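Student: Just dropping this structure here.
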Amino acid sequence: MLPIIISTLDDPKERDFMAQLYEENERLLFATALKYASSSHDAEEIVQDSLIRLMRKISTLQSLERYTLASYLVSTVRNTAINYMQKQSREHQRNAVYEEEGAEVASSPLSVDELMVIAENRQRLLAAWRELSQTDRTLLEGRYFLGLSDKELAEQLDCKSTSIRMKLTRARRRAMELAVAKEVECR
């Protein structure tokens, strides 16, 4: 079902473009959101928020090639999901209910400290992600978010499919090294 938010666009060409974009990528958007969301309702909220962000960038979206567009959509949904979950976590902490006896916090299975560590790790990984080369991001997004095969990644990067495994290994290593460096910087 097409989100109502798309119908708010004034320009019919933009409205048609966004409707087609949504219909072609609906499963990808929701699959990405569900990786981060704790429920299908949260995933729907994340996709709606992502669409609002994407509607602000229609001219950019129209100029992207198919694979780049898919990566852009996944990145937008992922970043929106991270922001959404962090906001939910902050609200959950503020609205924590205290029991009368012992003033224990009724919360999720994760403690506040664990949630804070997760949020900090996400921030470090996000900062590290921004420093990765476009090739590394394309490789990692293509494999882990879009589920592309070695052959599809090779076509996208214009290289041999036999070299993709090593390129992925190196990209993962660089991402981990950057994340660790960010952790050291934070200390």
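Quick note on naming: the chains in the structure tokens go A, B, ... in the order shown, residues restart at 1 in each chain, and ligands are numbered from 1 in order of appearance.
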I need the residues of region 3-171 of chain A that end up classed as alpha helix (DSSP H) by DSSP on the backbone, written out as a tab-separated table (two decimals) with N, CA, C and O atoms, in the first residue's frame.
Tutor:
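Output file selection01.tsv is given in full below:
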```tsv
chain	number	residue	atom	x	y	z
A	12	PRO	N	3.27	16.54	-9.86
A	12	PRO	CA	2.82	15.19	-10.24
A	12	PRO	C	3.96	14.28	-10.69
A	12	PRO	O	3.94	13.08	-10.43
A	13	LYS	N	4.99	14.84	-11.35
A	13	LYS	CA	6.13	14.03	-11.78
A	13	LYS	C	6.89	13.50	-10.57
A	13	LYS	O	7.30	12.35	-10.55
A	14	GLU	N	7.09	14.36	-9.59
A	14	GLU	CA	7.78	13.93	-8.37
A	14	GLU	C	6.95	12.89	-7.62
A	14	GLU	O	7.48	11.91	-7.10
A	15	ARG	N	5.65	13.12	-7.58
A	15	ARG	CA	4.75	12.18	-6.90
A	15	ARG	C	4.80	10.81	-7.59
A	15	ARG	O	4.92	9.78	-6.93
A	16	ASP	N	4.77	10.81	-8.91
A	16	ASP	CA	4.84	9.55	-9.67
A	16	ASP	C	6.19	8.87	-9.47
A	16	ASP	O	6.27	7.65	-9.31
A	17	PHE	N	7.26	9.67	-9.48
A	17	PHE	CA	8.60	9.11	-9.26
A	17	PHE	C	8.70	8.44	-7.90
A	17	PHE	O	9.18	7.31	-7.77
A	18	MET	N	8.24	9.14	-6.87
A	18	MET	CA	8.32	8.58	-5.51
A	18	MET	C	7.42	7.36	-5.36
A	18	MET	O	7.78	6.40	-4.68
A	19	ALA	N	6.27	7.38	-5.97
A	19	ALA	CA	5.36	6.22	-5.90
A	19	ALA	C	6.01	5.00	-6.55
A	19	ALA	O	5.99	3.90	-6.00
A	20	GLN	N	6.62	5.21	-7.71
A	20	GLN	CA	7.29	4.11	-8.40
A	20	GLN	C	8.50	3.63	-7.59
A	20	GLN	O	8.71	2.43	-7.44
A	21	LEU	N	9.26	4.57	-7.07
A	21	LEU	CA	10.42	4.22	-6.25
A	21	LEU	C	10.00	3.39	-5.04
A	21	LEU	O	10.62	2.37	-4.72
A	22	TYR	N	8.93	3.80	-4.40
A	22	TYR	CA	8.44	3.06	-3.24
A	22	TYR	C	7.97	1.67	-3.63
A	22	TYR	O	8.32	0.68	-2.98
A	23	GLU	N	7.19	1.58	-4.68
A	23	GLU	CA	6.65	0.28	-5.09
A	23	GLU	C	7.76	-0.69	-5.48
A	23	GLU	O	7.70	-1.87	-5.17
A	24	GLU	N	8.80	-0.19	-6.14
A	24	GLU	CA	9.90	-1.05	-6.57
A	24	GLU	C	10.81	-1.46	-5.41
A	24	GLU	O	11.47	-2.49	-5.48
A	25	ASN	N	10.85	-0.66	-4.34
A	25	ASN	CA	11.81	-0.91	-3.27
A	25	ASN	C	11.16	-1.13	-1.91
A	25	ASN	O	11.85	-1.10	-0.89
A	26	GLU	N	9.86	-1.34	-1.88
A	26	GLU	CA	9.15	-1.48	-0.61
A	26	GLU	C	9.75	-2.60	0.25
A	26	GLU	O	10.00	-2.40	1.45
A	27	ARG	N	9.99	-3.74	-0.33
A	27	ARG	CA	10.53	-4.87	0.44
A	27	ARG	C	11.93	-4.55	0.98
A	27	ARG	O	12.25	-4.88	2.11
A	28	LEU	N	12.75	-3.91	0.17
A	28	LEU	CA	14.09	-3.53	0.60
A	28	LEU	C	14.03	-2.56	1.77
A	28	LEU	O	14.76	-2.69	2.75
A	29	LEU	N	13.15	-1.56	1.67
A	29	LEU	CA	13.01	-0.56	2.73
A	29	LEU	C	12.59	-1.22	4.05
A	29	LEU	O	13.18	-0.97	5.10
A	30	PHE	N	11.58	-2.07	3.98
A	30	PHE	CA	11.09	-2.71	5.21
A	30	PHE	C	12.07	-3.73	5.75
A	30	PHE	O	12.24	-3.85	6.97
A	31	ALA	N	12.74	-4.46	4.87
A	31	ALA	CA	13.74	-5.43	5.34
A	31	ALA	C	14.87	-4.73	6.08
A	31	ALA	O	15.33	-5.19	7.13
A	32	THR	N	15.29	-3.60	5.56
A	32	THR	CA	16.35	-2.83	6.22
A	32	THR	C	15.86	-2.28	7.56
A	32	THR	O	16.56	-2.37	8.56
A	33	ALA	N	14.66	-1.75	7.58
A	33	ALA	CA	14.12	-1.19	8.82
A	33	ALA	C	13.96	-2.28	9.89
A	33	ALA	O	14.23	-2.05	11.07
A	34	LEU	N	13.52	-3.46	9.47
A	34	LEU	CA	13.30	-4.55	10.43
A	34	LEU	C	14.60	-5.05	11.07
A	34	LEU	O	14.56	-5.65	12.14
A	35	LYS	N	15.73	-4.80	10.42
A	35	LYS	CA	17.02	-5.18	11.01
A	35	LYS	C	17.29	-4.38	12.29
A	35	LYS	O	18.01	-4.82	13.16
A	36	TYR	N	16.72	-3.21	12.37
A	36	TYR	CA	16.98	-2.32	13.50
A	36	TYR	C	15.78	-2.18	14.43
A	36	TYR	O	15.94	-1.87	15.60
A	40	SER	N	7.17	-4.52	13.99
A	40	SER	CA	6.77	-4.11	12.64
A	40	SER	C	6.22	-2.68	12.66
A	40	SER	O	6.36	-1.94	11.68
A	41	HIS	N	5.61	-2.29	13.78
A	41	HIS	CA	5.12	-0.91	13.90
A	41	HIS	C	6.29	0.07	13.83
A	41	HIS	O	6.22	1.10	13.14
A	42	ASP	N	7.38	-0.23	14.56
A	42	ASP	CA	8.56	0.63	14.51
A	42	ASP	C	9.13	0.67	13.09
A	42	ASP	O	9.57	1.72	12.63
A	43	ALA	N	9.14	-0.47	12.42
A	43	ALA	CA	9.65	-0.52	11.05
A	43	ALA	C	8.83	0.38	10.13
A	43	ALA	O	9.39	1.08	9.28
A	44	GLU	N	7.52	0.37	10.30
A	44	GLU	CA	6.66	1.25	9.50
A	44	GLU	C	6.98	2.72	9.76
A	44	GLU	O	7.03	3.53	8.84
A	45	GLU	N	7.18	3.06	11.02
A	45	GLU	CA	7.54	4.44	11.38
A	45	GLU	C	8.87	4.83	10.74
A	45	GLU	O	9.02	5.95	10.23
A	46	ILE	N	9.83	3.91	10.78
A	46	ILE	CA	11.15	4.18	10.22
A	46	ILE	C	11.04	4.40	8.71
A	46	ILE	O	11.64	5.33	8.16
A	47	VAL	N	10.27	3.56	8.03
A	47	VAL	CA	10.12	3.71	6.58
A	47	VAL	C	9.42	5.04	6.26
A	47	VAL	O	9.83	5.75	5.33
A	48	GLN	N	8.40	5.40	7.03
A	48	GLN	CA	7.71	6.69	6.81
A	48	GLN	C	8.69	7.85	6.98
A	48	GLN	O	8.73	8.76	6.15
A	49	ASP	N	9.46	7.82	8.07
A	49	ASP	CA	10.44	8.89	8.30
A	49	ASP	C	11.48	8.92	7.18
A	49	ASP	O	11.92	9.99	6.76
A	50	SER	N	11.88	7.75	6.71
A	50	SER	CA	12.84	7.68	5.61
A	50	SER	C	12.27	8.29	4.34
A	50	SER	O	12.97	9.00	3.61
A	51	LEU	N	11.01	7.99	4.07
A	51	LEU	CA	10.38	8.56	2.88
A	51	LEU	C	10.34	10.08	2.94
A	51	LEU	O	10.55	10.76	1.93
A	52	ILE	N	10.09	10.62	4.11
A	52	ILE	CA	10.08	12.07	4.27
A	52	ILE	C	11.46	12.63	3.94
A	52	ILE	O	11.59	13.64	3.22
A	53	ARG	N	12.50	11.97	4.45
A	53	ARG	CA	13.87	12.41	4.14
A	53	ARG	C	14.15	12.29	2.65
A	53	ARG	O	14.78	13.17	2.05
A	54	LEU	N	13.74	11.17	2.06
A	54	LEU	CA	14.00	10.95	0.64
A	54	LEU	C	13.26	11.94	-0.24
A	54	LEU	O	13.77	12.35	-1.29
A	55	MET	N	12.06	12.34	0.16
A	55	MET	CA	11.28	13.30	-0.64
A	55	MET	C	11.98	14.65	-0.72
A	55	MET	O	11.78	15.39	-1.68
A	58	ILE	N	14.64	14.42	-3.95
A	58	ILE	CA	14.14	13.81	-5.18
A	58	ILE	C	15.08	14.06	-6.35
A	58	ILE	O	15.36	13.15	-7.13
A	59	SER	N	15.59	15.27	-6.49
A	59	SER	CA	16.47	15.55	-7.63
A	59	SER	C	17.72	14.68	-7.57
A	59	SER	O	18.20	14.20	-8.60
A	60	THR	N	18.24	14.46	-6.38
A	60	THR	CA	19.41	13.58	-6.22
A	60	THR	C	19.03	12.15	-6.56
A	60	THR	O	19.76	11.46	-7.28
A	61	LEU	N	17.90	11.69	-6.08
A	61	LEU	CA	17.45	10.32	-6.33
A	61	LEU	C	17.26	10.07	-7.83
A	61	LEU	O	17.61	9.00	-8.33
A	62	GLN	N	16.72	11.04	-8.53
A	62	GLN	CA	16.46	10.88	-9.96
A	62	GLN	C	17.75	10.76	-10.76
A	62	GLN	O	17.75	10.16	-11.84
A	63	SER	N	18.83	11.29	-10.25
A	63	SER	CA	20.09	11.27	-10.99
A	63	SER	C	20.93	10.02	-10.71
A	63	SER	O	21.93	9.79	-11.37
A	66	ARG	N	20.79	2.63	-10.78
A	66	ARG	CA	19.99	1.65	-10.04
A	66	ARG	C	20.68	1.15	-8.77
A	66	ARG	O	20.10	1.18	-7.69
A	67	TYR	N	21.92	0.67	-8.90
A	67	TYR	CA	22.61	0.11	-7.74
A	67	TYR	C	22.97	1.18	-6.71
A	67	TYR	O	22.89	0.96	-5.52
A	68	THR	N	23.36	2.34	-7.21
A	68	THR	CA	23.67	3.44	-6.31
A	68	THR	C	22.42	3.89	-5.58
A	68	THR	O	22.46	4.20	-4.40
A	69	LEU	N	21.31	3.91	-6.29
A	69	LEU	CA	20.04	4.29	-5.69
A	69	LEU	C	19.66	3.31	-4.58
A	69	LEU	O	19.24	3.73	-3.50
A	70	ALA	N	19.82	2.03	-4.83
A	70	ALA	CA	19.51	1.03	-3.80
A	70	ALA	C	20.38	1.24	-2.57
A	70	ALA	O	19.90	1.18	-1.43
A	71	SER	N	21.66	1.51	-2.77
A	71	SER	CA	22.57	1.77	-1.64
A	71	SER	C	22.15	3.03	-0.90
A	71	SER	O	22.19	3.07	0.34
A	72	TYR	N	21.75	4.04	-1.64
A	72	TYR	CA	21.30	5.30	-1.04
A	72	TYR	C	20.06	5.07	-0.19
A	72	TYR	O	19.95	5.58	0.93
A	73	LEU	N	19.12	4.29	-0.72
A	73	LEU	CA	17.90	3.98	0.03
A	73	LEU	C	18.22	3.22	1.31
A	73	LEU	O	17.70	3.55	2.39
A	74	VAL	N	19.07	2.21	1.21
A	74	VAL	CA	19.45	1.42	2.39
A	74	VAL	C	20.14	2.30	3.42
A	74	VAL	O	19.83	2.22	4.62
A	75	SER	N	21.04	3.15	2.97
A	75	SER	CA	21.75	4.04	3.91
A	75	SER	C	20.77	4.99	4.60
A	75	SER	O	20.88	5.21	5.81
A	76	THR	N	19.83	5.52	3.84
A	76	THR	CA	18.85	6.43	4.43
A	76	THR	C	18.00	5.73	5.47
A	76	THR	O	17.80	6.23	6.58
A	77	VAL	N	17.51	4.53	5.14
A	77	VAL	CA	16.68	3.79	6.09
A	77	VAL	C	17.50	3.40	7.31
A	77	VAL	O	17.03	3.51	8.45
A	78	ARG	N	18.73	2.95	7.09
A	78	ARG	CA	19.59	2.56	8.22
A	78	ARG	C	19.84	3.75	9.16
A	78	ARG	O	19.67	3.63	10.38
A	79	ASN	N	20.21	4.87	8.60
A	79	ASN	CA	20.48	6.05	9.44
A	79	ASN	C	19.21	6.52	10.15
A	79	ASN	O	19.25	6.91	11.32
A	80	THR	N	18.10	6.49	9.46
A	80	THR	CA	16.82	6.86	10.07
A	80	THR	C	16.48	5.89	11.20
A	80	THR	O	16.02	6.30	12.27
A	81	ALA	N	16.73	4.60	10.97
A	81	ALA	CA	16.45	3.59	11.99
A	81	ALA	C	17.31	3.81	13.23
A	81	ALA	O	16.82	3.71	14.36
A	82	ILE	N	18.57	4.09	13.01
A	82	ILE	CA	19.47	4.33	14.14
A	82	ILE	C	19.00	5.53	14.94
A	82	ILE	O	18.91	5.48	16.17
A	83	ASN	N	18.66	6.61	14.24
A	83	ASN	CA	18.16	7.81	14.93
A	83	ASN	C	16.86	7.51	15.67
A	83	ASN	O	16.66	7.95	16.80
A	84	TYR	N	15.98	6.77	15.03
A	84	TYR	CA	14.68	6.43	15.62
A	84	TYR	C	14.87	5.59	16.89
A	84	TYR	O	14.25	5.86	17.92
A	85	MET	N	15.73	4.59	16.81
A	85	MET	CA	15.94	3.71	17.96
A	85	MET	C	16.63	4.46	19.10
A	85	MET	O	16.33	4.23	20.28
A	86	GLN	N	17.54	5.35	18.77
A	86	GLN	CA	18.17	6.17	19.82
A	86	GLN	C	17.14	7.07	20.49
A	86	GLN	O	17.14	7.23	21.71
A	87	LYS	N	16.26	7.64	19.70
A	87	LYS	CA	15.20	8.49	20.25
A	87	LYS	C	14.29	7.66	21.14
A	87	LYS	O	13.93	8.10	22.24
A	88	GLN	N	13.91	6.46	20.68
A	88	GLN	CA	13.07	5.58	21.48
A	88	GLN	C	13.76	5.22	22.79
A	88	GLN	O	13.12	5.18	23.84
A	89	SER	N	15.04	4.97	22.73
A	89	SER	CA	15.80	4.61	23.93
A	89	SER	C	15.82	5.77	24.93
A	89	SER	O	15.63	5.57	26.13
A	90	ARG	N	16.02	6.98	24.41
A	90	ARG	CA	16.02	8.15	25.30
A	90	ARG	C	14.64	8.34	25.93
A	90	ARG	O	14.52	8.62	27.12
A	91	GLU	N	13.59	8.19	25.12
A	91	GLU	CA	12.23	8.34	25.65
A	91	GLU	C	11.93	7.24	26.66
A	91	GLU	O	11.29	7.50	27.68
A	92	HIS	N	12.40	6.05	26.38
A	92	HIS	CA	12.17	4.93	27.30
A	92	HIS	C	12.86	5.20	28.63
A	92	HIS	O	12.30	4.94	29.69
A	93	GLN	N	14.05	5.76	28.58
A	93	GLN	CA	14.77	6.07	29.81
A	93	GLN	C	14.04	7.15	30.60
A	93	GLN	O	13.96	7.09	31.81
A	94	ARG	N	13.51	8.15	29.90
A	94	ARG	CA	12.80	9.22	30.59
A	94	ARG	C	11.49	8.75	31.20
A	94	ARG	O	11.04	9.25	32.21
A	112	VAL	N	20.17	0.16	31.27
A	112	VAL	CA	20.47	1.49	30.74
A	112	VAL	C	21.94	1.55	30.31
A	112	VAL	O	22.26	2.11	29.26
A	113	ASP	N	22.83	0.95	31.11
A	113	ASP	CA	24.24	0.94	30.76
A	113	ASP	C	24.48	0.21	29.43
A	113	ASP	O	25.25	0.67	28.59
A	114	GLU	N	23.80	-0.93	29.26
A	114	GLU	CA	23.95	-1.69	28.01
A	114	GLU	C	23.42	-0.90	26.83
A	114	GLU	O	24.03	-0.90	25.75
A	115	LEU	N	22.31	-0.21	27.01
A	115	LEU	CA	21.76	0.62	25.94
A	115	LEU	C	22.72	1.76	25.58
A	115	LEU	O	22.87	2.11	24.40
A	116	MET	N	23.35	2.32	26.58
A	116	MET	CA	24.31	3.41	26.34
A	116	MET	C	25.51	2.89	25.56
A	116	MET	O	26.00	3.55	24.64
A	117	VAL	N	26.01	1.70	25.92
A	117	VAL	CA	27.15	1.11	25.21
A	117	VAL	C	26.77	0.85	23.75
A	117	VAL	O	27.55	1.14	22.83
A	118	ILE	N	25.58	0.32	23.54
A	118	ILE	CA	25.11	0.06	22.17
A	118	ILE	C	25.04	1.36	21.38
A	118	ILE	O	25.49	1.44	20.23
A	119	ALA	N	24.49	2.40	21.99
A	119	ALA	CA	24.38	3.69	21.31
A	119	ALA	C	25.76	4.26	20.99
A	119	ALA	O	25.99	4.79	19.89
A	120	GLU	N	26.70	4.13	21.92
A	120	GLU	CA	28.07	4.62	21.68
A	120	GLU	C	28.73	3.83	20.55
A	120	GLU	O	29.41	4.42	19.70
A	121	ASN	N	28.55	2.50	20.55
A	121	ASN	CA	29.13	1.68	19.50
A	121	ASN	C	28.54	2.04	18.14
A	121	ASN	O	29.26	2.09	17.14
A	122	ARG	N	27.25	2.31	18.09
A	122	ARG	CA	26.62	2.71	16.84
A	122	ARG	C	27.21	4.02	16.33
A	122	ARG	O	27.46	4.18	15.15
A	123	GLN	N	27.43	4.95	17.26
A	123	GLN	CA	28.00	6.24	16.87
A	123	GLN	C	29.40	6.06	16.31
A	123	GLN	O	29.76	6.68	15.31
A	124	ARG	N	30.22	5.21	16.96
A	124	ARG	CA	31.58	4.97	16.48
A	124	ARG	C	31.55	4.31	15.10
A	124	ARG	O	32.31	4.67	14.22
A	125	LEU	N	30.67	3.31	14.96
A	125	LEU	CA	30.58	2.64	13.66
A	125	LEU	C	30.08	3.59	12.58
A	125	LEU	O	30.56	3.55	11.45
A	126	LEU	N	29.15	4.45	12.94
A	126	LEU	CA	28.64	5.42	11.98
A	126	LEU	C	29.74	6.40	11.57
A	126	LEU	O	29.90	6.72	10.40
A	127	ALA	N	30.52	6.86	12.56
A	127	ALA	CA	31.63	7.77	12.25
A	127	ALA	C	32.68	7.06	11.39
A	127	ALA	O	33.21	7.64	10.44
A	128	ALA	N	32.96	5.80	11.71
A	128	ALA	CA	33.92	5.02	10.92
A	128	ALA	C	33.37	4.81	9.50
A	128	ALA	O	34.12	4.86	8.53
A	129	TRP	N	32.08	4.57	9.40
A	129	TRP	CA	31.45	4.32	8.11
A	129	TRP	C	31.66	5.50	7.18
A	129	TRP	O	31.93	5.34	6.00
A	130	ARG	N	31.55	6.70	7.72
A	130	ARG	CA	31.70	7.91	6.90
A	130	ARG	C	33.12	8.05	6.36
A	130	ARG	O	33.34	8.70	5.35
A	131	GLU	N	34.09	7.45	7.06
A	131	GLU	CA	35.49	7.56	6.63
A	131	GLU	C	35.90	6.46	5.66
A	131	GLU	O	36.98	6.53	5.09
A	134	GLN	N	34.27	4.91	-0.84
A	134	GLN	CA	33.00	4.59	-1.49
A	134	GLN	C	32.98	3.12	-1.90
A	134	GLN	O	31.95	2.46	-1.80
A	135	THR	N	34.13	2.60	-2.35
A	135	THR	CA	34.21	1.20	-2.76
A	135	THR	C	33.92	0.29	-1.58
A	135	THR	O	33.15	-0.67	-1.70
A	136	ASP	N	34.53	0.56	-0.43
A	136	ASP	CA	34.30	-0.26	0.76
A	136	ASP	C	32.83	-0.21	1.18
A	136	ASP	O	32.23	-1.23	1.51
A	137	ARG	N	32.25	0.98	1.17
A	137	ARG	CA	30.83	1.10	1.54
A	137	ARG	C	29.94	0.34	0.56
A	137	ARG	O	29.00	-0.35	0.97
A	138	THR	N	30.24	0.47	-0.72
A	138	THR	CA	29.45	-0.24	-1.74
A	138	THR	C	29.54	-1.74	-1.54
A	138	THR	O	28.54	-2.45	-1.60
A	139	LEU	N	30.75	-2.23	-1.28
A	139	LEU	CA	30.94	-3.67	-1.05
A	139	LEU	C	30.14	-4.14	0.17
A	139	LEU	O	29.40	-5.12	0.10
A	140	LEU	N	30.30	-3.45	1.29
A	140	LEU	CA	29.66	-3.87	2.53
A	140	LEU	C	28.14	-3.74	2.45
A	140	LEU	O	27.41	-4.63	2.89
A	141	GLU	N	27.66	-2.64	1.90
A	141	GLU	CA	26.21	-2.47	1.75
A	141	GLU	C	25.64	-3.50	0.79
A	141	GLU	O	24.59	-4.09	1.05
A	142	GLY	N	26.35	-3.71	-0.32
A	142	GLY	CA	25.87	-4.66	-1.31
A	142	GLY	C	25.75	-6.06	-0.76
A	142	GLY	O	24.76	-6.76	-0.99
A	143	ARG	N	26.75	-6.47	0.01
A	143	ARG	CA	26.73	-7.83	0.53
A	143	ARG	C	25.78	-7.98	1.71
A	143	ARG	O	24.94	-8.87	1.75
A	144	TYR	N	25.89	-7.08	2.70
A	144	TYR	CA	25.19	-7.30	3.96
A	144	TYR	C	23.80	-6.67	4.04
A	144	TYR	O	22.98	-7.10	4.83
A	150	ASP	N	28.57	-12.31	-5.41
A	150	ASP	CA	29.90	-11.86	-5.84
A	150	ASP	C	29.85	-11.33	-7.27
A	150	ASP	O	30.47	-10.31	-7.59
A	151	LYS	N	29.10	-12.00	-8.11
A	151	LYS	CA	29.00	-11.59	-9.51
A	151	LYS	C	28.36	-10.20	-9.64
A	151	LYS	O	28.84	-9.34	-10.38
A	152	GLU	N	27.28	-9.98	-8.88
A	152	GLU	CA	26.60	-8.68	-8.94
A	152	GLU	C	27.50	-7.57	-8.40
A	152	GLU	O	27.55	-6.47	-8.97
A	153	LEU	N	28.22	-7.86	-7.32
A	153	LEU	CA	29.15	-6.86	-6.78
A	153	LEU	C	30.28	-6.58	-7.78
A	153	LEU	O	30.69	-5.43	-7.95
A	154	ALA	N	30.77	-7.62	-8.42
A	154	ALA	CA	31.84	-7.45	-9.41
A	154	ALA	C	31.38	-6.58	-10.57
A	154	ALA	O	32.12	-5.72	-11.04
A	155	GLU	N	30.14	-6.79	-11.02
A	155	GLU	CA	29.60	-5.96	-12.10
A	155	GLU	C	29.49	-4.50	-11.65
A	155	GLU	O	29.81	-3.58	-12.40
A	156	GLN	N	29.06	-4.32	-10.42
A	156	GLN	CA	28.88	-2.97	-9.90
A	156	GLN	C	30.22	-2.25	-9.77
A	156	GLN	O	30.31	-1.06	-10.01
A	157	LEU	N	31.26	-2.99	-9.38
A	157	LEU	CA	32.58	-2.39	-9.16
A	157	LEU	C	33.52	-2.55	-10.35
A	157	LEU	O	34.67	-2.14	-10.28
A	164	ILE	N	36.19	-10.50	-5.33
A	164	ILE	CA	35.23	-9.88	-4.40
A	164	ILE	C	35.45	-10.35	-2.97
A	164	ILE	O	35.40	-9.56	-2.03
A	165	ARG	N	35.69	-11.65	-2.77
A	165	ARG	CA	35.86	-12.15	-1.38
A	165	ARG	C	37.01	-11.44	-0.68
A	165	ARG	O	36.89	-11.05	0.48
A	166	MET	N	38.13	-11.27	-1.36
A	166	MET	CA	39.29	-10.61	-0.74
A	166	MET	C	38.98	-9.13	-0.53
A	166	MET	O	39.30	-8.57	0.52
A	167	LYS	N	38.31	-8.51	-1.49
A	167	LYS	CA	37.94	-7.10	-1.32
A	167	LYS	C	37.00	-6.92	-0.12
A	167	LYS	O	37.14	-5.96	0.64
A	168	LEU	N	36.07	-7.84	0.05
A	168	LEU	CA	35.16	-7.79	1.21
A	168	LEU	C	35.92	-7.96	2.52
A	168	LEU	O	35.66	-7.27	3.50
A	169	THR	N	36.84	-8.91	2.53
A	169	THR	CA	37.64	-9.14	3.73
A	169	THR	C	38.40	-7.88	4.11
A	169	THR	O	38.42	-7.47	5.27
A	170	ARG	N	39.00	-7.26	3.14
A	170	ARG	CA	39.77	-6.03	3.40
A	170	ARG	C	38.86	-4.87	3.82
A	170	ARG	O	39.23	-4.08	4.70
A	171	ALA	N	37.70	-4.78	3.22
A	171	ALA	CA	36.75	-3.72	3.58
A	171	ALA	C	36.28	-3.91	5.02
A	171	ALA	O	36.19	-2.95	5.79
```
Student: So what do you get for CA of Arg172 (chain A) versus CA of Asp158 (chain A), distance-wise?
Tutor: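 We find that CA of Arg172 (chain A) and CA of Asp158 (chain A) lie 19.6 Å from each other.
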